[in-house]
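S.K.: Contents of upload.pdb (PDB, C-alpha atoms):
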```pdb
ATOM      1  CA  MET A 481       0.000   0.000   0.000
ATOM      2  CA  LYS A 482       1.297   3.402  -0.959
ATOM      3  CA  GLU A 483       1.629   6.143   1.608
ATOM      4  CA  VAL A 484      -1.470   8.312   1.881
ATOM      5  CA  ASN A 485      -2.709  10.790   4.440
ATOM      6  CA  ARG A 486      -4.451   9.104   7.392
ATOM      7  CA  SER A 487      -6.284  12.253   8.548
ATOM      8  CA  PHE A 488      -9.345  13.887   7.067
ATOM      9  CA  ARG A 489      -8.360  17.018   5.152
ATOM     10  CA  LYS A 490     -11.478  19.161   4.889
ATOM     11  CA  LYS A 491     -15.135  19.569   5.680
ATOM     12  CA  GLY A 492     -17.405  18.166   2.976
ATOM     13  CA  ASP A 493     -15.254  15.189   1.968
ATOM     14  CA  THR A 494     -17.296  11.999   1.554
ATOM     15  CA  LEU A 495     -16.544   8.983   3.746
ATOM     16  CA  TYR A 496     -16.603   5.359   2.629
ATOM     17  CA  LEU A 497     -15.928   2.040   4.301
ATOM     18  CA  VAL A 498     -13.945  -0.682   2.553
ATOM     19  CA  SER A 499     -15.039  -4.205   3.399
ATOM     20  CA  SER A 500     -11.845  -6.220   3.116
ATOM     21  CA  ALA A 501      -8.180  -5.775   3.966
ATOM     22  CA  GLU A 502      -7.249  -7.273   0.599
ATOM     23  CA  ALA A 503      -9.310  -4.644  -1.221
ATOM     24  CA  VAL A 504      -7.472  -1.831   0.578
ATOM     25  CA  ASP A 505      -4.291  -2.847  -1.243
ATOM     26  CA  TYR A 506      -5.953  -2.264  -4.630
ATOM     27  CA  PHE A 507      -6.219   1.485  -4.014
ATOM     28  CA  ASN A 508      -2.611   2.221  -5.061
ATOM     29  CA  SER A 509      -3.591   3.518  -8.500
ATOM     30  CA  ALA A 510      -6.556   5.425  -7.016
ATOM     31  CA  ILE A 511      -4.088   7.132  -4.687
ATOM     32  CA  ASP A 512      -1.814   7.936  -7.645
ATOM     33  CA  GLU A 513      -4.793   9.421  -9.514
ATOM     34  CA  GLY A 514      -5.691  11.634  -6.544
ATOM     35  CA  LEU A 515      -9.044   9.944  -5.980
ATOM     36  CA  VAL A 516      -8.356   9.182  -2.297
ATOM     37  CA  SER A 517      -7.879  12.085   0.160
ATOM     38  CA  SER A 518      -7.190   9.833   3.140
ATOM     39  CA  LEU A 519      -7.168   6.157   4.023
ATOM     40  CA  HIS A 520      -7.127   4.870   7.582
ATOM     41  CA  ARG A 521      -7.229   1.218   8.559
ATOM     42  CA  ILE A 522      -9.809   0.585  11.255
ATOM     43  CA  PRO A 523      -8.099  -0.173  14.590
ATOM     44  CA  PRO A 524      -9.111  -3.100  16.840
ATOM     45  CA  GLU A 525     -11.093  -0.637  18.997
ATOM     46  CA  GLY A 526     -13.512  -0.129  16.104
ATOM     47  CA  ILE A 527     -14.838   2.375  13.607
ATOM     48  CA  PHE A 528     -15.467   5.144  16.147
ATOM     49  CA  GLN A 529     -11.841   5.120  17.304
ATOM     50  CA  GLY A 530     -10.686   5.133  13.690
ATOM     51  CA  LEU A 531     -12.903   8.109  12.893
ATOM     52  CA  VAL A 532     -11.632  10.039  15.927
ATOM     53  CA  GLU A 533      -8.041   9.340  14.854
ATOM     54  CA  CYS A 534      -8.861  10.690  11.377
ATOM     55  CA  CYS A 535     -10.435  13.859  12.807
ATOM     56  CA  LYS A 536      -7.825  14.847  15.409
ATOM     57  CA  GLU A 537      -5.083  16.387  13.279
ATOM     58  CA  ASN A 538      -7.266  19.001  11.590
ATOM     59  CA  GLY A 539      -9.968  19.402  14.252
ATOM     60  CA  LEU A 540     -12.676  17.997  12.003
ATOM     61  CA  GLY A 541     -15.716  15.847  12.745
ATOM     62  CA  PHE A 542     -18.047  13.448  10.998
ATOM     63  CA  ASP A 543     -21.711  12.804  10.297
ATOM     64  CA  ILE A 544     -22.283   9.141   9.500
ATOM     65  CA  THR A 545     -25.057   6.597   9.119
ATOM     66  CA  GLY A 546     -24.857   3.327  11.037
ATOM     67  CA  ASP A 547     -25.216  -0.180   9.670
ATOM     68  CA  SER A 548     -28.863  -1.300   9.896
ATOM     69  CA  ASP A 549     -27.697  -4.910  10.359
ATOM     70  CA  LEU A 550     -25.795  -4.064  13.563
ATOM     71  CA  ALA A 551     -26.615  -2.397  16.859
ATOM     72  CA  ASP A 552     -25.066   1.074  17.014
ATOM     73  CA  MET A 553     -22.494   0.196  19.681
ATOM     74  CA  GLN A 554     -21.481  -2.982  17.819
ATOM     75  CA  PHE A 555     -21.059  -0.972  14.628
ATOM     76  CA  LEU A 556     -19.010   1.758  16.310
ATOM     77  CA  HIS A 557     -16.944  -0.204  18.820
ATOM     78  CA  GLY A 558     -17.061  -3.837  17.799
ATOM     79  CA  ASN A 559     -15.370  -6.080  15.349
ATOM     80  CA  THR A 560     -17.078  -5.330  12.050
ATOM     81  CA  LYS A 561     -16.582  -6.582   8.533
ATOM     82  CA  TYR A 562     -15.002  -3.267   7.544
ATOM     83  CA  ALA A 563     -11.250  -2.807   7.122
ATOM     84  CA  ALA A 564     -10.673   0.881   6.349
ATOM     85  CA  ILE A 565     -12.175   4.363   6.236
ATOM     86  CA  ILE A 566     -11.556   6.374   3.075
ATOM     87  CA  SER A 567     -12.257  10.051   2.526
ATOM     88  CA  VAL A 568     -12.813  11.386  -0.973
ATOM     89  CA  ASP A 569     -12.971  14.972  -2.197
ATOM     90  CA  GLU A 570     -16.476  15.856  -3.408
ATOM     91  CA  GLY A 571     -15.116  16.579  -6.894
ATOM     92  CA  GLN A 572     -13.553  13.110  -7.168
ATOM     93  CA  GLU A 573     -16.470  11.123  -5.770
ATOM     94  CA  GLU A 574     -17.915   9.878  -9.072
ATOM     95  CA  LYS A 575     -14.477   8.817 -10.333
ATOM     96  CA  PHE A 576     -13.761   7.057  -7.024
ATOM     97  CA  VAL A 577     -17.051   5.144  -7.085
ATOM     98  CA  ASN A 578     -16.465   4.137 -10.716
ATOM     99  CA  TYR A 579     -12.893   3.062  -9.913
ATOM    100  CA  SER A 580     -14.131   0.891  -7.019
ATOM    101  CA  TYR A 581     -16.910  -0.642  -9.094
ATOM    102  CA  ASN A 582     -14.628  -1.341 -12.072
ATOM    103  CA  HIS A 583     -12.099  -3.077  -9.793
ATOM    104  CA  GLY A 584     -14.743  -5.114  -7.943
ATOM    105  CA  ILE A 585     -14.046  -3.367  -4.639
ATOM    106  CA  ASP A 586     -16.938  -3.379  -2.186
ATOM    107  CA  ILE A 587     -17.369   0.079  -0.665
ATOM    108  CA  VAL A 588     -20.134   1.436   1.540
ATOM    109  CA  LEU A 589     -21.106   5.103   1.793
ATOM    110  CA  LEU A 590     -20.566   6.094   5.430
ATOM    111  CA  GLY A 591     -21.190   9.846   5.560
ATOM    112  CA  HIS A 592     -19.153  13.030   5.335
ATOM    113  CA  VAL A 593     -16.571  15.116   7.148
ATOM    114  CA  THR A 594     -17.929  18.007   9.244
ATOM    115  CA  LYS A 595     -16.523  21.060  10.968
ATOM    116  CA  GLY A 596     -15.975  19.374  14.353
ATOM    117  CA  GLU A 597     -19.065  17.622  15.683
ATOM    118  CA  LEU A 598     -19.162  13.813  15.827
ATOM    119  CA  ARG A 599     -22.596  12.521  14.767
ATOM    120  CA  MET A 600     -24.242   9.256  13.808
ATOM    121  CA  ASP A 601     -27.879   8.902  12.798
ATOM    122  CA  ASP A 602     -28.781  12.306  14.266
ATOM    123  CA  ALA A 603     -27.148  11.487  17.633
ATOM    124  CA  SER A 604     -24.277  13.674  18.776
ATOM    125  CA  PHE A 605     -21.173  12.237  20.413
ATOM    126  CA  GLY A 606     -19.815  15.704  21.177
ATOM    127  CA  PHE A 607     -17.007  17.500  19.402
ATOM    128  CA  ILE A 608     -13.522  16.374  18.419
ATOM    129  CA  SER A 609     -12.124  18.788  21.031
ATOM    130  CA  ASP A 610     -13.841  16.626  23.696
ATOM    131  CA  TYR A 611     -11.607  13.738  22.600
ATOM    132  CA  THR A 612      -8.354  15.615  22.069
ATOM    133  CA  GLY A 613      -8.371  17.965  25.044
ATOM    134  CA  ALA A 614      -7.973  20.941  22.680
ATOM    135  CA  ARG A 615     -10.248  23.943  23.158
TER     136      ARG A 615
END
```
Could I get this structure in the form of C-alpha cells?
M.R.:
Amino acid sequence: MKEVNRSFRKKGDTLYLVSSAEAVDYFNSAIDEGLVSSLHRIPPEGIFQGLVECCKENGLGFDITGDSDLADMQFLHGNTKYAAIISVDEGQEEKFVNYSYNHGIDIVLLGHVTKGELRMDDASFGFISDYTGAR
C-alpha cells in the first residue's frame, strides 16, 4: 500500500468504508490518480476510534449513518466486517465510485466530514475537542 494521508483534510469530503483488507491494497492507483484524500485502517477498537483518529489532526468531525444490520455500539466499537475508512474529495467522488466498481471493490457510503461535531444517525457524540483535550 502506498503512503497516503491518514487524517481527514477538509469539511465536505465523503466517507466510505472498505469491506476487506485485501481490497485496501488495490487502491494504489486510485491514490496515484488523486481519488483518495485519506485512508485509515480501522483499529481493533472499532470504527469510532478510527474516525476520531482521522479527525484529530485538523480538528474535524463526521456525520455518519450506522449499519442497519448491527446495533449502534457494535457498529461503532465492535469487530465489524469493515477494514478501512476512506475520505474522498467531493469533486472526485464519481471517479472514485467508478474506480471501485470497475475493480470489484466493495465500498459502503458512510457519511461526510464536518466542521468538528461527531454525529451518527442524528445522535451527537460531542465535538472532536472533547476527545483531544484541545479547546
S.K.: Would you pick out the contacts of range 598-604 of chain A at 9 Å or less, using all atoms listed in the file, so that residues sharing its chain but fewer than 6 positions from it are not included, and give the list as JSON, numbers by chain?
M.R.: {"A": [531, 532, 540, 541, 542, 543, 544, 545, 546, 552, 591]}
S.K.: Between CA of Ile587 in chain A and CA of Asp610 in chain A, what distance in Å does the model show, to one decimal?
M.R.: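 Computed distance, CA of Ile587 in chain A to CA of Asp610 in chain A, equals 29.7 Å.
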S.K.: Between CA of Ser509 in chain A and CA of Leu590 in chain A, what is the distance, to one decimal in Å?
M.R.: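 Separation between CA of Ser509 in chain A and CA of Leu590 in chain A: 22.1 Å.
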S.K.: I'd like the residues picked by the PyMOL selection byres ((chain A and resi 494) around 8) written out as a ChimeraX atom specification, using the chain letters and numbers from the file.
M.R.: /A:492-493,495-496,567-570,573,589-593
S.K.: From the list A:Leu497, A:Ile522, A:Glu502, A:Cys535, which residue is nearest Val577 in chain A when using all atoms listed in the file?
M.R.: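 The answer is A:Leu497, which sits nearest to Val577 in chain A.
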S.K.: Quick one: of A:Tyr506, A:Phe528, A:Tyr581, A:Phe576, who's nearest to His557 in chain A, counting all atoms listed in the file?
M.R.: A:Phe528
S.K.: For range 553-559 of chain A, I'd like the enclosing box, axis-aligned and padded by 4 Å on every side, reported as JSON with centre and edge lengths in Å to one decimal.
M.R.:
```
{"center_x": -18.9, "center_y": -2.2, "center_z": 17.2, "size_x": 15.1, "size_y": 15.8, "size_z": 13.1}
```
S.K.: Under the rule that only C-alpha atoms are counted, which of A:Ile565, A:Leu556, A:Ala551, A:Val498 is the nearest residue to His520 in chain A?
M.R.: A:Ile565
S.K.: Nearest residue to Glu533 in chain A out of A:Asn508, A:Val588, A:Ser499, A:Ser518, using all atoms listed in the file?
M.R.: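 Closest residue, counting all atoms listed in the file: A:Ser518.
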S.K.: Which residues, written as a PyMOL selection string, have at least one atom at most 9 Å from Ser500 in chain A, with all atoms listed in the file counted and residues fewer than 4 positions away on the same chain left out?
M.R.: chain A and resi 504+561-564+585-586
S.K.: Could those selected residues go to a file with C-alpha atoms, as a PDB file, in the frame of the given file?
M.R.:
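Output file again-v2.pdb follows:
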```pdb
ATOM      1  CA  VAL A 504      -7.472  -1.831   0.578  1.00  0.00           C
ATOM      2  CA  LYS A 561     -16.582  -6.582   8.533  1.00  0.00           C
ATOM      3  CA  TYR A 562     -15.002  -3.267   7.544  1.00  0.00           C
ATOM      4  CA  ALA A 563     -11.250  -2.807   7.122  1.00  0.00           C
ATOM      5  CA  ALA A 564     -10.673   0.881   6.349  1.00  0.00           C
ATOM      6  CA  ILE A 585     -14.046  -3.367  -4.639  1.00  0.00           C
ATOM      7  CA  ASP A 586     -16.938  -3.379  -2.186  1.00  0.00           C
TER       8      ASP A 586
END
```
S.K.: CA of Val516 in chain A and CA of Asp547 in chain A, how far apart in Å?
M.R.: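 Interatomic distance, CA of Asp547 in chain A to CA of Val516 in chain A: 22.7 Å.
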S.K.: Can you list, as a VMD selection string, every protein, DNA or RNA residue that comes within 6 Å of Leu515 in chain A when you count all atoms listed in the file, leaving out same-chain residues fewer than 3 positions away?
M.R.: chain A and resid 510 to 511 572 576
S.K.: Step by step: start from the point (-7.4, 15.9, 23.7) in the file's coordinates, keep every protein, DNA or RNA residue that has an atom no farther than 12 Å from it, count only C-alpha atoms, and write the set as a list of chain:residue names.
M.R.: A:Val532, A:Glu533, A:Cys535, A:Lys536, A:Glu537, A:Gly539, A:Phe607, A:Ile608, A:Ser609, A:Asp610, A:Tyr611, A:Thr612, A:Gly613, A:Ala614, A:Arg615
S.K.: From the set A:Ser487, A:Asn578, A:Thr594, A:Ser517, which residue has the shortest atom-to-atom contact distance to Gly530 in chain A, counting all atoms listed in the file?
M.R.: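 Answer, going by the shortest atom-to-atom distance: A:Ser487.
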S.K.: Taking all atoms listed in the file into account, which of A:Gln554, A:Asn538, A:Asp505, A:Arg486 comes nearest Lys595 in chain A?
M.R.: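 The closest residue to Lys595 in chain A is A:Asn538.
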S.K.: Could you give me range 496-507 of chain A completed to all heavy atoms, formatted as a compact mmCIF listing (two decimals), in the coordinates of the input?
M.R.:
```
# COMPACT_ATOMS: atom_id res chain seq x y z
N TYR A 496 -16.23 6.70 3.04
CA TYR A 496 -16.60 5.36 2.63
C TYR A 496 -15.92 4.34 3.53
O TYR A 496 -14.84 4.60 4.07
CB TYR A 496 -16.17 5.09 1.18
CG TYR A 496 -16.94 5.87 0.16
CD1 TYR A 496 -16.50 7.11 -0.26
CD2 TYR A 496 -18.12 5.36 -0.37
CE1 TYR A 496 -17.22 7.83 -1.20
CE2 TYR A 496 -18.84 6.08 -1.30
CZ TYR A 496 -18.39 7.32 -1.72
OH TYR A 496 -19.10 8.03 -2.64
N LEU A 497 -16.55 3.19 3.64
CA LEU A 497 -15.93 2.04 4.30
C LEU A 497 -15.55 1.03 3.23
O LEU A 497 -16.28 0.83 2.26
CB LEU A 497 -16.91 1.38 5.28
CG LEU A 497 -17.27 2.18 6.52
CD1 LEU A 497 -18.40 1.50 7.29
CD2 LEU A 497 -16.05 2.38 7.41
N VAL A 498 -14.41 0.39 3.43
CA VAL A 498 -13.94 -0.68 2.55
C VAL A 498 -14.10 -1.98 3.33
O VAL A 498 -13.69 -2.07 4.49
CB VAL A 498 -12.48 -0.49 2.14
CG1 VAL A 498 -12.01 -1.61 1.24
CG2 VAL A 498 -12.30 0.85 1.45
N SER A 499 -14.68 -2.99 2.69
CA SER A 499 -15.04 -4.20 3.40
C SER A 499 -13.91 -5.18 3.69
O SER A 499 -13.98 -5.93 4.64
CB SER A 499 -16.13 -4.95 2.64
OG SER A 499 -17.32 -4.19 2.67
N SER A 500 -12.87 -5.20 2.86
CA SER A 500 -11.84 -6.22 3.12
C SER A 500 -10.44 -5.63 3.10
O SER A 500 -10.16 -4.68 2.37
CB SER A 500 -11.93 -7.35 2.09
OG SER A 500 -11.44 -6.92 0.85
N ALA A 501 -9.57 -6.22 3.91
CA ALA A 501 -8.18 -5.78 3.97
C ALA A 501 -7.50 -5.96 2.62
O ALA A 501 -6.67 -5.14 2.21
CB ALA A 501 -7.44 -6.53 5.06
N GLU A 502 -7.84 -7.02 1.91
CA GLU A 502 -7.25 -7.27 0.60
C GLU A 502 -7.62 -6.16 -0.38
O GLU A 502 -6.81 -5.74 -1.19
CB GLU A 502 -7.69 -8.63 0.04
CG GLU A 502 -7.24 -9.82 0.86
CD GLU A 502 -8.11 -10.08 2.08
OE1 GLU A 502 -9.31 -9.74 2.08
OE2 GLU A 502 -7.57 -10.62 3.06
N ALA A 503 -8.85 -5.69 -0.31
CA ALA A 503 -9.31 -4.64 -1.22
C ALA A 503 -8.56 -3.34 -0.99
O ALA A 503 -8.30 -2.59 -1.94
CB ALA A 503 -10.81 -4.42 -1.06
N VAL A 504 -8.19 -3.06 0.26
CA VAL A 504 -7.47 -1.83 0.58
C VAL A 504 -6.21 -1.73 -0.26
O VAL A 504 -5.84 -0.66 -0.75
CB VAL A 504 -7.15 -1.75 2.09
CG1 VAL A 504 -6.25 -0.57 2.39
CG2 VAL A 504 -8.45 -1.65 2.90
N ASP A 505 -5.54 -2.84 -0.48
CA ASP A 505 -4.29 -2.85 -1.24
C ASP A 505 -4.48 -2.51 -2.72
O ASP A 505 -3.52 -2.16 -3.40
CB ASP A 505 -3.59 -4.21 -1.11
CG ASP A 505 -3.12 -4.46 0.31
OD1 ASP A 505 -2.79 -3.48 1.01
OD2 ASP A 505 -3.09 -5.63 0.73
N TYR A 506 -5.69 -2.57 -3.22
CA TYR A 506 -5.95 -2.26 -4.63
C TYR A 506 -6.10 -0.76 -4.88
O TYR A 506 -6.29 -0.35 -6.02
CB TYR A 506 -7.20 -2.99 -5.13
CG TYR A 506 -6.96 -4.45 -5.38
CD1 TYR A 506 -7.35 -5.40 -4.45
CD2 TYR A 506 -6.32 -4.87 -6.54
CE1 TYR A 506 -7.11 -6.74 -4.67
CE2 TYR A 506 -6.08 -6.22 -6.76
CZ TYR A 506 -6.48 -7.14 -5.82
OH TYR A 506 -6.24 -8.47 -6.04
N PHE A 507 -6.02 0.05 -3.84
CA PHE A 507 -6.22 1.48 -4.01
C PHE A 507 -4.96 2.24 -4.41
O PHE A 507 -4.97 3.46 -4.50
CB PHE A 507 -6.84 2.10 -2.75
CG PHE A 507 -8.31 1.85 -2.66
CD1 PHE A 507 -8.80 0.93 -1.78
CD2 PHE A 507 -9.19 2.54 -3.47
CE1 PHE A 507 -10.16 0.68 -1.70
CE2 PHE A 507 -10.55 2.31 -3.41
CZ PHE A 507 -11.04 1.38 -2.52
```
